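One file, coords_10.txt, is given below (compact mmCIF, C-alpha atoms and all ligand atoms).
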# COMPACT_ATOMS: atom_id res chain seq x y z
CA MET A 1 105.77 -39.01 -127.34
CA SER A 2 105.97 -38.83 -131.11
CA THR A 3 102.24 -37.98 -131.06
CA LEU A 4 102.86 -35.15 -128.63
CA ARG A 5 105.60 -33.83 -130.88
CA ASP A 6 103.41 -34.20 -133.98
CA LEU A 7 100.56 -32.30 -132.35
CA ASP A 8 103.01 -29.67 -131.12
CA ARG A 9 104.46 -29.23 -134.59
CA GLN A 10 101.05 -28.99 -136.25
CA HIS A 11 99.21 -26.72 -133.82
CA VAL A 12 101.43 -24.93 -131.33
CA TRP A 13 103.52 -21.84 -131.98
CA HIS A 14 106.86 -21.54 -130.23
CA PRO A 15 108.81 -18.29 -129.78
CA TYR A 16 109.79 -16.75 -133.13
CA GLY A 17 109.01 -20.09 -134.80
CA PRO A 18 107.46 -21.15 -138.11
CA MET A 19 104.28 -23.22 -138.50
CA PRO A 20 104.53 -26.15 -138.79
CA GLY A 21 107.60 -26.26 -136.55
CA ARG A 22 110.89 -27.31 -138.13
CA THR A 23 112.74 -28.42 -135.01
CA ASP A 24 111.86 -30.95 -132.34
CA PRO A 25 111.52 -29.28 -128.96
CA LEU A 26 112.56 -31.42 -125.99
CA VAL A 27 109.56 -32.71 -124.03
CA VAL A 28 109.80 -31.74 -120.34
CA THR A 29 107.90 -33.94 -117.92
CA ASP A 30 109.20 -32.55 -114.63
CA ALA A 31 111.44 -29.80 -113.30
CA ARG A 32 112.87 -29.71 -109.79
CA GLY A 33 115.69 -27.71 -108.29
CA VAL A 34 118.01 -26.90 -111.18
CA ARG A 35 117.14 -30.02 -113.21
CA LEU A 36 114.74 -30.53 -116.10
CA THR A 37 113.48 -34.10 -116.59
CA LEU A 38 112.79 -35.09 -120.19
CA ALA A 39 110.27 -37.59 -121.52
CA ASP A 40 113.11 -39.85 -122.67
CA GLY A 41 114.31 -40.11 -119.08
CA ARG A 42 117.30 -37.78 -119.38
CA GLU A 43 117.95 -35.03 -116.85
CA LEU A 44 119.48 -31.71 -117.90
CA VAL A 45 120.97 -29.06 -115.62
CA ASP A 46 119.26 -25.77 -116.47
CA GLY A 47 121.71 -23.12 -117.66
CA MET A 48 119.02 -20.61 -118.67
CA SER A 49 116.77 -20.09 -115.60
CA SER A 50 113.97 -20.28 -118.18
CA TRP A 51 115.06 -16.93 -119.67
CA TRP A 52 116.26 -15.18 -116.46
CA ALA A 53 113.12 -16.05 -114.48
CA ALA A 54 113.63 -19.20 -112.40
CA VAL A 55 116.21 -17.75 -109.99
CA HIS A 56 115.19 -20.20 -107.23
CA GLY A 57 115.10 -23.17 -109.59
CA TYR A 58 111.92 -25.22 -110.02
CA ARG A 59 109.29 -26.39 -107.50
CA HIS A 60 110.78 -24.38 -104.67
CA PRO A 61 108.86 -25.25 -101.45
CA ALA A 62 108.29 -21.61 -100.42
CA LEU A 63 106.95 -20.69 -103.84
CA ASP A 64 104.88 -23.85 -104.12
CA ALA A 65 103.35 -23.04 -100.73
CA ALA A 66 102.41 -19.52 -101.84
CA LEU A 67 100.25 -21.02 -104.57
CA HIS A 68 98.73 -23.88 -102.63
CA ALA A 69 97.70 -22.34 -99.34
CA ASP A 70 94.17 -20.96 -99.60
CA ALA A 71 94.98 -18.46 -102.30
CA VAL A 72 92.26 -16.26 -103.79
CA SER A 73 91.82 -17.01 -107.48
CA HIS A 74 91.80 -14.10 -109.88
CA VAL A 75 89.48 -11.20 -109.09
CA MET A 76 89.29 -8.08 -111.22
CA PHE A 77 91.43 -5.16 -110.06
CA GLY A 78 88.98 -2.45 -111.15
CA GLY A 79 87.22 -1.38 -107.97
CA LEU A 80 88.68 -4.28 -105.95
CA THR A 81 91.99 -4.75 -104.19
CA HIS A 82 93.60 -7.44 -102.03
CA HIS A 83 96.47 -8.17 -99.67
CA PRO A 84 98.79 -9.98 -102.11
CA ALA A 85 98.88 -7.11 -104.62
CA VAL A 86 99.26 -4.40 -101.97
CA GLU A 87 101.96 -6.31 -100.07
CA LEU A 88 103.85 -7.01 -103.28
CA ALA A 89 103.67 -3.38 -104.40
CA THR A 90 104.83 -2.02 -101.05
CA THR A 91 107.68 -4.56 -100.96
CA LEU A 92 108.81 -3.45 -104.44
CA VAL A 93 108.70 0.20 -103.31
CA GLU A 94 110.91 -0.74 -100.33
CA ILE A 95 113.61 -2.55 -102.28
CA THR A 96 113.88 -0.34 -105.40
CA PRO A 97 115.56 3.11 -105.51
CA ALA A 98 113.88 5.47 -103.01
CA PRO A 99 112.12 7.89 -105.43
CA LEU A 100 110.09 5.02 -106.94
CA GLN A 101 106.86 5.01 -104.92
CA HIS A 102 103.99 3.86 -107.12
CA VAL A 103 103.49 0.49 -108.79
CA PHE A 104 101.54 -0.61 -111.85
CA LEU A 105 101.20 -4.41 -111.87
CA ALA A 106 101.30 -5.53 -115.49
CA ASP A 107 100.86 -8.98 -116.95
CA SER A 108 104.19 -9.29 -118.80
CA GLY A 109 107.45 -7.45 -119.30
CA SER A 110 106.45 -6.08 -122.70
CA ILE A 111 103.24 -4.68 -121.25
CA SER A 112 105.16 -2.97 -118.46
CA ILE A 113 107.22 -1.24 -121.18
CA GLU A 114 104.01 -0.12 -122.93
CA VAL A 115 102.86 1.30 -119.59
CA ALA A 116 106.22 3.03 -119.08
CA VAL A 117 105.96 4.67 -122.51
CA LYS A 118 102.42 5.83 -121.70
CA MET A 119 103.78 7.34 -118.48
CA CYS A 120 106.37 9.28 -120.53
CA LEU A 121 103.76 10.60 -123.00
CA GLN A 122 101.22 11.48 -120.30
CA TYR A 123 103.96 13.22 -118.31
CA GLN A 124 104.80 15.49 -121.23
CA ARG A 125 101.12 16.25 -121.93
CA ALA A 126 100.65 17.27 -118.30
CA HIS A 127 103.56 19.67 -118.68
CA GLY A 128 102.00 21.27 -121.75
CA ARG A 129 104.23 19.48 -124.30
CA PRO A 130 101.89 17.10 -126.16
CA GLY A 131 104.20 17.22 -129.19
CA ARG A 132 106.90 15.35 -127.31
CA THR A 133 106.01 11.79 -128.31
CA ARG A 134 109.28 10.07 -129.23
CA MET A 135 111.51 7.88 -127.10
CA MET A 136 115.29 8.02 -127.09
CA THR A 137 117.31 4.85 -126.58
CA TRP A 138 120.64 3.41 -127.62
CA ARG A 139 121.29 0.65 -130.13
CA GLY A 140 121.68 -2.96 -129.05
CA GLY A 141 118.65 -2.95 -126.76
CA TYR A 142 115.76 -5.37 -126.29
CA HIS A 143 112.53 -4.31 -124.57
CA GLY A 144 109.91 -6.84 -125.64
CA ASP A 145 107.68 -7.84 -128.54
CA THR A 146 104.67 -5.50 -128.37
CA PHE A 147 104.82 -2.54 -130.74
CA ALA A 148 105.98 0.30 -128.51
CA ALA A 149 108.49 -2.10 -126.96
CA MET A 150 109.71 -3.29 -130.37
CA SER A 151 110.11 0.30 -131.55
CA VAL A 152 112.90 0.81 -128.99
CA CYS A 153 114.61 -2.54 -129.65
CA ASP A 154 117.80 -2.48 -131.70
CA PRO A 155 116.71 -1.51 -135.24
CA ASP A 156 118.68 -4.36 -136.84
CA GLY A 157 118.31 -7.11 -134.23
CA GLY A 158 114.70 -6.04 -133.67
CA MET A 159 113.87 -6.56 -137.35
CA HIS A 160 112.36 -3.09 -137.74
CA SER A 161 112.30 -3.61 -141.50
CA LEU A 162 109.56 -6.23 -141.02
CA TRP A 163 107.29 -3.65 -139.35
CA GLN A 164 108.18 -0.75 -141.59
CA GLY A 165 105.31 1.71 -141.92
CA PHE A 166 103.73 0.62 -138.64
CA LEU A 167 106.43 0.98 -136.00
CA PRO A 168 106.82 4.37 -134.26
CA GLN A 169 110.10 6.01 -135.30
CA GLN A 170 112.27 6.48 -132.23
CA VAL A 171 115.57 8.27 -131.69
CA PHE A 172 118.61 6.00 -131.53
CA ALA A 173 122.03 6.79 -130.11
CA ASP A 174 124.98 4.47 -130.76
CA ALA A 175 125.30 1.33 -128.65
CA PRO A 176 127.17 1.93 -125.40
CA PRO A 177 130.87 0.93 -125.46
CA ALA A 178 131.13 -2.70 -124.41
CA ALA A 179 133.06 -2.47 -121.16
CA TYR A 180 131.70 -2.72 -117.64
CA ASP A 181 134.88 -1.25 -116.14
CA GLY A 182 137.97 0.48 -117.43
CA PRO A 183 138.58 4.14 -118.25
CA HIS A 184 135.47 6.27 -118.54
CA ASP A 185 134.45 6.95 -122.15
CA THR A 186 133.35 10.58 -121.85
CA ALA A 187 133.08 10.85 -125.64
CA PHE A 188 130.13 8.48 -125.50
CA ASP A 189 128.44 10.59 -122.81
CA GLU A 190 128.90 13.61 -125.07
CA HIS A 191 127.37 11.68 -127.95
CA LEU A 192 124.32 10.87 -125.79
CA ALA A 193 124.01 14.52 -124.78
CA ALA A 194 124.24 15.66 -128.41
CA VAL A 195 121.54 13.25 -129.60
CA ALA A 196 119.21 14.38 -126.79
CA GLU A 197 119.96 18.04 -127.48
CA GLN A 198 119.19 17.64 -131.16
CA HIS A 199 115.80 16.00 -130.52
CA ALA A 200 114.84 17.58 -127.17
CA GLY A 201 111.73 19.27 -128.59
CA GLU A 202 110.19 15.96 -129.67
CA LEU A 203 111.39 13.58 -126.94
CA ALA A 204 109.15 12.32 -124.13
CA GLY A 205 111.61 10.02 -122.41
CA ILE A 206 114.70 7.83 -122.51
CA VAL A 207 114.49 4.05 -122.11
CA VAL A 208 117.49 1.74 -121.68
CA GLU A 209 118.50 -1.52 -120.08
CA PRO A 210 120.97 -0.54 -117.36
CA VAL A 211 124.44 -2.20 -117.34
CA VAL A 212 123.43 -5.34 -119.27
CA GLN A 213 121.78 -5.36 -122.68
CA GLY A 214 120.20 -8.81 -122.73
CA ALA A 215 118.47 -10.31 -125.76
CA GLY A 216 119.89 -7.48 -127.92
CA GLY A 217 123.38 -8.99 -127.65
CA MET A 218 124.33 -9.79 -124.04
CA ARG A 219 126.59 -6.73 -123.84
CA PHE A 220 127.79 -5.07 -120.60
CA HIS A 221 128.47 -1.34 -120.30
CA SER A 222 129.80 1.08 -117.72
CA PRO A 223 127.31 2.22 -115.06
CA ARG A 224 128.77 5.70 -115.48
CA HIS A 225 126.79 6.16 -118.70
CA LEU A 226 123.63 5.81 -116.61
CA ARG A 227 124.70 8.85 -114.61
CA ALA A 228 125.14 10.74 -117.87
CA LEU A 229 121.63 9.72 -118.91
CA ARG A 230 120.26 10.94 -115.56
CA GLU A 231 121.82 14.38 -116.13
CA ILE A 232 120.59 14.52 -119.72
CA ALA A 233 117.05 13.58 -118.68
CA ASP A 234 117.05 16.27 -115.98
CA ARG A 235 118.40 18.90 -118.37
CA HIS A 236 115.58 18.38 -120.90
CA ASP A 237 112.84 17.24 -118.49
CA LEU A 238 112.70 13.75 -120.04
CA VAL A 239 111.35 10.75 -118.16
CA LEU A 240 114.20 8.27 -117.58
CA VAL A 241 113.05 4.64 -117.80
CA PHE A 242 115.26 1.73 -116.74
CA ASP A 243 114.18 -1.64 -118.10
CA GLU A 244 115.30 -4.02 -115.34
CA ILE A 245 113.16 -6.90 -116.56
CA ALA A 246 116.26 -9.07 -117.10
CA THR A 247 118.70 -7.38 -114.69
CA GLY A 248 116.43 -7.03 -111.64
CA PHE A 249 116.57 -9.14 -108.47
CA GLY A 250 120.29 -9.67 -108.15
CA ARG A 251 121.32 -11.12 -111.51
CA THR A 252 124.09 -8.56 -112.17
CA GLY A 253 125.53 -8.69 -108.63
CA GLU A 254 123.47 -5.75 -107.29
CA LEU A 255 119.80 -6.10 -106.38
CA PHE A 256 119.00 -3.81 -109.34
CA ALA A 257 121.43 -2.78 -112.06
CA ALA A 258 120.65 0.88 -111.28
CA ASP A 259 122.42 0.27 -107.96
CA HIS A 260 125.77 -0.15 -109.80
CA ALA A 261 125.47 3.52 -110.75
CA GLY A 262 123.69 4.82 -107.66
CA VAL A 263 121.17 6.34 -110.07
CA ALA A 264 117.41 6.35 -109.61
CA PRO A 265 115.31 6.36 -112.78
CA ASP A 266 111.86 8.01 -112.95
CA VAL A 267 110.30 4.74 -114.09
CA MET A 268 111.60 1.19 -113.58
CA CYS A 269 110.22 -1.96 -115.18
CA VAL A 270 110.69 -5.35 -113.54
CA GLY A 271 109.47 -8.78 -114.62
CA LYS A 272 111.01 -12.19 -115.39
CA ALA A 273 112.50 -13.16 -111.96
CA LEU A 274 109.73 -11.18 -110.20
CA THR A 275 107.66 -14.36 -109.72
CA GLY A 276 110.66 -16.70 -109.63
CA GLY A 277 109.42 -17.86 -113.01
CA TYR A 278 106.17 -19.34 -111.68
CA LEU A 279 103.59 -17.07 -113.29
CA THR A 280 103.57 -14.17 -115.69
CA MET A 281 103.71 -10.79 -114.00
CA ALA A 282 105.71 -7.59 -114.33
CA ALA A 283 105.59 -4.13 -112.83
CA ALA A 284 106.28 -0.53 -113.81
CA LEU A 285 107.27 1.62 -110.83
CA CYS A 286 107.35 5.40 -110.98
CA THR A 287 108.17 8.51 -108.95
CA THR A 288 105.60 10.79 -107.35
CA ALA A 289 106.39 13.49 -109.94
CA VAL A 290 105.52 11.09 -112.77
CA ALA A 291 102.41 9.80 -110.98
CA ALA A 292 101.21 13.36 -110.32
CA ALA A 293 101.65 14.35 -113.97
CA VAL A 294 99.91 11.22 -115.26
CA SER A 295 97.03 11.87 -112.86
CA ASP A 296 96.75 15.56 -113.76
CA GLU A 297 93.71 16.47 -115.91
CA ARG A 298 96.02 17.59 -118.72
CA GLY A 299 98.08 14.39 -118.47
CA GLY A 300 95.04 12.19 -118.92
CA GLY A 301 93.58 12.21 -115.42
CA GLY A 302 94.88 8.68 -114.68
CA LEU A 303 97.10 5.95 -116.05
CA MET A 304 95.43 4.82 -119.24
CA HIS A 305 95.98 1.07 -118.96
CA GLY A 306 94.07 -1.75 -117.21
CA PRO A 307 94.64 -5.36 -118.22
CA THR A 308 92.07 -8.03 -117.31
CA PHE A 309 94.55 -9.94 -115.18
CA MET A 310 96.07 -6.89 -113.51
CA GLY A 311 97.27 -7.58 -109.97
CA ASN A 312 96.48 -11.29 -110.26
CA PRO A 313 96.44 -12.55 -106.64
CA LEU A 314 98.20 -15.84 -107.41
CA ALA A 315 100.98 -14.14 -109.32
CA SER A 316 101.25 -11.50 -106.59
CA ARG A 317 101.51 -14.17 -103.90
CA VAL A 318 104.20 -16.13 -105.66
CA ALA A 319 106.08 -12.91 -106.51
CA LEU A 320 106.01 -11.87 -102.88
CA ALA A 321 107.24 -15.32 -101.84
CA SER A 322 110.00 -15.14 -104.45
CA VAL A 323 111.22 -11.70 -103.39
CA ARG A 324 111.13 -12.67 -99.70
CA GLU A 325 113.02 -15.90 -100.41
CA LEU A 326 115.64 -13.91 -102.33
CA LEU A 327 116.12 -11.36 -99.55
CA ARG A 328 116.18 -14.09 -96.89
CA ARG A 329 119.08 -15.84 -98.59
CA ASP A 330 122.59 -14.59 -99.24
CA TRP A 331 121.72 -13.86 -102.88
CA ARG A 332 124.78 -11.64 -103.27
CA GLY A 333 127.09 -14.45 -102.14
CA GLU A 334 125.32 -16.93 -104.40
CA VAL A 335 125.62 -14.66 -107.43
CA GLU A 336 129.29 -13.94 -106.69
CA ALA A 337 130.03 -17.65 -106.31
CA ILE A 338 128.34 -18.45 -109.64
CA GLY A 339 130.30 -15.63 -111.28
CA GLU A 340 133.59 -17.02 -109.97
CA VAL A 341 132.91 -20.54 -111.23
CA LEU A 342 131.80 -19.17 -114.61
CA THR A 343 134.87 -16.96 -114.89
CA ALA A 344 137.20 -19.92 -114.29
CA GLY A 345 135.13 -22.40 -116.28
CA LEU A 346 134.63 -20.26 -119.37
CA ALA A 347 138.26 -19.10 -119.59
CA PRO A 348 139.33 -22.02 -121.89
CA ALA A 349 136.82 -20.74 -124.48
CA ARG A 350 139.10 -17.75 -125.08
CA GLU A 351 141.57 -20.05 -126.84
CA LEU A 352 139.00 -21.52 -129.24
CA PRO A 353 139.00 -20.54 -132.90
CA GLY A 354 135.98 -18.41 -133.80
CA VAL A 355 135.56 -16.99 -130.28
CA ARG A 356 135.49 -13.19 -130.22
CA ASP A 357 134.90 -12.54 -126.53
CA VAL A 358 134.24 -14.23 -123.21
CA ARG A 359 132.65 -12.18 -120.44
CA VAL A 360 131.06 -12.64 -117.03
CA LEU A 361 129.12 -10.21 -114.87
CA GLY A 362 127.19 -11.23 -111.78
CA ALA A 363 125.65 -14.62 -112.55
CA ILE A 364 125.75 -14.12 -116.32
CA GLY A 365 128.31 -15.83 -118.56
CA VAL A 366 128.67 -15.12 -122.28
CA VAL A 367 130.78 -16.59 -125.07
CA GLU A 368 130.51 -14.45 -128.19
CA LEU A 369 131.54 -16.05 -131.49
CA ASP A 370 132.63 -14.25 -134.66
CA HIS A 371 129.90 -16.13 -136.59
CA ASP A 372 126.32 -17.29 -136.01
CA VAL A 373 126.11 -20.32 -133.76
CA ASP A 374 125.25 -23.66 -135.35
CA VAL A 375 122.45 -24.03 -132.81
CA PRO A 376 121.65 -27.76 -133.24
CA ALA A 377 125.36 -28.67 -133.00
CA ALA A 378 125.88 -26.39 -129.98
CA GLN A 379 122.81 -27.72 -128.20
CA ALA A 380 123.78 -31.32 -128.89
CA ALA A 381 127.21 -30.65 -127.34
CA ALA A 382 125.58 -29.09 -124.27
CA GLU A 383 123.16 -32.00 -123.94
CA ARG A 384 126.07 -34.45 -124.04
CA HIS A 385 127.32 -32.61 -120.94
CA GLY A 386 123.84 -32.93 -119.43
CA VAL A 387 123.04 -29.23 -119.70
CA TRP A 388 120.22 -27.18 -121.22
CA LEU A 389 121.39 -24.12 -123.16
CA ARG A 390 119.62 -22.02 -125.78
CA PRO A 391 122.17 -20.12 -127.87
CA PHE A 392 121.05 -17.39 -130.26
CA ARG A 393 122.69 -15.45 -133.08
CA ASN A 394 126.44 -15.50 -132.30
CA LEU A 395 126.00 -15.99 -128.54
CA ILE A 396 126.28 -18.97 -126.24
CA TYR A 397 125.33 -17.74 -122.82
CA THR A 398 124.13 -18.84 -119.43
CA MET A 399 122.38 -17.37 -116.41
CA PRO A 400 122.01 -20.26 -113.97
CA PRO A 401 119.46 -20.32 -111.13
CA PHE A 402 120.99 -18.71 -108.02
CA VAL A 403 120.53 -21.99 -106.12
CA SER A 404 122.89 -23.88 -108.46
CA ALA A 405 125.60 -25.86 -106.66
CA PRO A 406 129.21 -25.09 -107.70
CA GLU A 407 129.54 -28.46 -109.45
CA ASP A 408 126.40 -27.75 -111.48
CA VAL A 409 127.74 -24.33 -112.50
CA ALA A 410 131.07 -25.94 -113.42
CA ARG A 411 129.22 -28.46 -115.56
CA ILE A 412 127.27 -25.64 -117.24
CA ALA A 413 130.55 -23.84 -118.00
CA GLU A 414 132.01 -27.03 -119.53
CA ALA A 415 128.87 -27.36 -121.63
CA VAL A 416 129.18 -23.74 -122.83
CA VAL A 417 132.79 -24.37 -123.86
CA ALA A 418 131.78 -27.59 -125.63
CA ALA A 419 128.92 -25.76 -127.35
CA ALA A 420 131.34 -23.05 -128.48
CA THR A 421 133.70 -25.73 -129.81
CA ASP A 422 131.03 -27.56 -131.82
CA GLY A 423 128.83 -24.56 -132.64
C1 LIG B 1 112.25 -10.33 -121.59
C2 LIG B 1 112.42 -8.87 -121.62
C3 LIG B 1 111.35 -8.01 -121.92
C4 LIG B 1 109.98 -8.53 -122.30
O1 LIG B 1 109.35 -9.21 -121.28
P1 LIG B 1 108.18 -10.27 -121.64
O2 LIG B 1 107.72 -10.75 -120.31
O3 LIG B 1 108.82 -11.33 -122.48
O4 LIG B 1 107.14 -9.52 -122.38
C5 LIG B 1 111.59 -6.65 -121.89
N1 LIG B 1 112.81 -6.15 -121.58
C6 LIG B 1 113.85 -6.94 -121.26
C7 LIG B 1 115.15 -6.33 -120.89
C8 LIG B 1 113.70 -8.32 -121.29
O5 LIG B 1 114.76 -9.11 -121.01
Could you express the structure from this file as structure tokens?
Amino acid sequence: MSTLRDLDRQHVWHPYGPMPGRTDPLVVTDARGVRLTLADGRELVDGMSSWWAAVHGYRHPALDAALHADAVSHVMFGGLTHHPAVELATTLVEITPAPLQHVFLADSGSISIEVAVKMCLQYQRAHGRPGRTRMMTWRGGYHGDTFAAMSVCDPDGGMHSLWQGFLPQQVFADAPPAAYDGPHDTAFDEHLAAVAEQHAGELAGIVVEPVVQGAGGMRFHSPRHLRALREIADRHDLVLVFDEIATGFGRTGELFAADHAGVAPDVMCVGKALTGGYLTMAAALCTTAVAAAVSDERGGGGLMHGPTFMGNPLASRVALASVRELLRRDWRGEVEAIGEVLTAGLAPARELPGVRDVRVLGAIGVVELDHDVDVPAAQAAAERHGVWLRPFRNLIYTMPPFVSAPEDVARIAEAVVAAATDG
């Protein structure tokens, strides 16, 4: 095992990591249900769903079957099509807000954001406004690690200074007030309207994460601001993009976060839980008005993107199986139950020194500290409770698989509190 770790350290990049690596990643030898088995024989309950993705846990029979039974291996999507991709796309059209009718199957969340931005630019060209090339967003967001996606990430958290001179300059409004419910902050809506008004002549679209800002800070905001954004987009003919890559498929307590507001965007990106975490795939859905503009001669005559692994049949099959499994189960009840256990279990963290806020929405639990987490100490505390957590910046957070039993969620909550104590 030390050899594996040595080779890993010498040759293999990990997310946002240095080379050679400076920390020892845990070696996973198996993963079943909500448990990760480590090479040293320990078992950890997964508090992270492998970054929002593994909503059904690991090695789920229905998802395993989708990959094993006579699946077609990858065939190119240029000039060819197949049942898995078409069935997946039509299923996504059925379950997302009604105006979204057309689906671009991308190979990762970041790429779906690139595609969404292209849709915005091509839309404006088709309407005779080629000078409208900037995106509006609010601070505190995270949309991925490719360049267009990074350009709309929070300027501080997204390390824009590192890419200075290369990154497109976007238009940033303030971060939305951090409150899912409570009195409606109309001043913030007015701020959004003023920013859009000021830049209307150069804006192509608006992109935000609805209701939950994930990797940008795990902040929740009022769905009412999404209605304000819908009005603003309509007023200036901007394409409204919702990034539901983290929030999609039930995580926030509604099937999509847009459903909290009853607002339909013009473009919606989904990913992460789309395949239940089995394979990499994402999608950008759009309205018929957007599709028509993109397809117009002046808009480009088609959507100018086409990855090699577009519509991968294996990923499509497992995505379809994952969505069907979700809809077959009482996902809403499962998410509510997880939220209740997290709410009770995380409450003691409020009393800890150094804790700024404790919040739960859907099946997401967050403890925010007033200082950066001592990650090794926090992770060691979680591991002592038999739980896998991955804190970042000043946040210790969890989004358990929906299939987690109440006692597993309670154990995760204890581990979060212990991590907040030690970290
Ligand atoms: C993870 C994430 C992305 C990027 O998706 P990748 O598959 O990692 O490229 C974009 N937006 C949000 C909200 C995300 O959580």
What does the list of residues within 10 Å of ligand LIG 1 (chain B) look like if you count only C-alpha atoms and all ligand atoms, written as number ranges by chain? A: 51-53, 106-114, 141-146, 149-150, 153, 208-210, 212-216, 242-248, 269-273, 280-282
So what do you get for CA of Arg139 in chain A versus CA of Pro376 in chain A, distance-wise? 28.6 Å
Which protein, DNA or RNA residues are at most 10 Å from (126.5, -22.0, -128.9) in the file's coordinates when you count all atoms listed in the file, listed as a compact mmCIF listing (two decimals) with C-alpha atoms, keeping the file's coordinate frame?
# COMPACT_ATOMS: atom_id res chain seq x y z
CA VAL A 366 128.67 -15.12 -122.28
CA VAL A 367 130.78 -16.59 -125.07
CA GLU A 368 130.51 -14.45 -128.19
CA LEU A 369 131.54 -16.05 -131.49
CA ASP A 372 126.32 -17.29 -136.01
CA VAL A 373 126.11 -20.32 -133.76
CA ASP A 374 125.25 -23.66 -135.35
CA VAL A 375 122.45 -24.03 -132.81
CA PRO A 376 121.65 -27.76 -133.24
CA ALA A 377 125.36 -28.67 -133.00
CA ALA A 378 125.88 -26.39 -129.98
CA GLN A 379 122.81 -27.72 -128.20
CA ALA A 380 123.78 -31.32 -128.89
CA ALA A 381 127.21 -30.65 -127.34
CA ALA A 382 125.58 -29.09 -124.27
CA LEU A 389 121.39 -24.12 -123.16
CA ARG A 390 119.62 -22.02 -125.78
CA PRO A 391 122.17 -20.12 -127.87
CA PHE A 392 121.05 -17.39 -130.26
CA ARG A 393 122.69 -15.45 -133.08
CA ASN A 394 126.44 -15.50 -132.30
CA LEU A 395 126.00 -15.99 -128.54
CA ILE A 396 126.28 -18.97 -126.24
CA TYR A 397 125.33 -17.74 -122.82
CA ALA A 415 128.87 -27.36 -121.63
CA VAL A 416 129.18 -23.74 -122.83
CA VAL A 417 132.79 -24.37 -123.86
CA ALA A 418 131.78 -27.59 -125.63
CA ALA A 419 128.92 -25.76 -127.35
CA ALA A 420 131.34 -23.05 -128.48
CA THR A 421 133.70 -25.73 -129.81
CA ASP A 422 131.03 -27.56 -131.82
CA GLY A 423 128.83 -24.56 -132.64
Just want the 9 Å neighbourhood of Gly339 in chain A, counted on all atoms listed in the file, with same-chain residues fewer than 6 positions away dropped. Output as a ChimeraX atom specification. /A:253,360-365
Which neighbours of Arg42 in chain A fall inside 12 Å, counting all atoms listed in the file, when residues of the same chain fewer than 2 positions from it are skipped, and could you give them as a list in words? Leu26, Val27, Val28, Thr29, Asp30, Ala31, Arg35, Leu36, Thr37, Leu38, Ala39, Asp40, Leu44, Val45, Glu383, Arg384, His385, Gly386, Val387 and Trp388 of chain A
Set the distance at 12 Å and use all atoms listed in the file: which residues neighbour Tyr58 in chain A once local chain neighbours fewer than 6 positions away are removed? I'd like the list as a PDB file with C-alpha atoms, keeping the file's coordinate frame.
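New file selection-v1.pdb:
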ATOM      1  CA  ASP A  30     109.200 -32.550-114.630  1.00  0.00           C
ATOM      2  CA  ALA A  31     111.440 -29.800-113.300  1.00  0.00           C
ATOM      3  CA  ARG A  32     112.870 -29.710-109.790  1.00  0.00           C
ATOM      4  CA  GLY A  33     115.690 -27.710-108.290  1.00  0.00           C
ATOM      5  CA  VAL A  34     118.010 -26.900-111.180  1.00  0.00           C
ATOM      6  CA  ARG A  35     117.140 -30.020-113.210  1.00  0.00           C
ATOM      7  CA  LEU A  36     114.740 -30.530-116.100  1.00  0.00           C
ATOM      8  CA  THR A  37     113.480 -34.100-116.590  1.00  0.00           C
ATOM      9  CA  VAL A  45     120.970 -29.060-115.620  1.00  0.00           C
ATOM     10  CA  ASP A  46     119.260 -25.770-116.470  1.00  0.00           C
ATOM     11  CA  SER A  49     116.770 -20.090-115.600  1.00  0.00           C
ATOM     12  CA  SER A  50     113.970 -20.280-118.180  1.00  0.00           C
ATOM     13  CA  ASP A  64     104.880 -23.850-104.120  1.00  0.00           C
ATOM     14  CA  THR A 275     107.660 -14.360-109.720  1.00  0.00           C
ATOM     15  CA  GLY A 276     110.660 -16.700-109.630  1.00  0.00           C
ATOM     16  CA  GLY A 277     109.420 -17.860-113.010  1.00  0.00           C
ATOM     17  CA  TYR A 278     106.170 -19.340-111.680  1.00  0.00           C
ATOM     18  CA  SER A 322     110.000 -15.140-104.450  1.00  0.00           C
ATOM     19  CA  PRO A 400     122.010 -20.260-113.970  1.00  0.00           C
ATOM     20  CA  PRO A 401     119.460 -20.320-111.130  1.00  0.00           C
ATOM     21  CA  PHE A 402     120.990 -18.710-108.020  1.00  0.00           C
ATOM     22  CA  VAL A 403     120.530 -21.990-106.120  1.00  0.00           C
ATOM     23  CA  SER A 404     122.890 -23.880-108.460  1.00  0.00           C
TER      24      SER A 404
END
Which residues, written as a ChimeraX atom specification, have at least one atom at most 8 Å from His191 in chain A, with all atoms listed in the file counted and residues fewer than 4 positions away on the same chain left out? /A:173,187,195
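The environment of range 292-301 of chain A within 7 Å, counting only C-alpha atoms and disregarding residues fewer than 5 places along the same chain, consists of Met119, Gln122, Tyr123, Arg125 and Ala126 of chain A.
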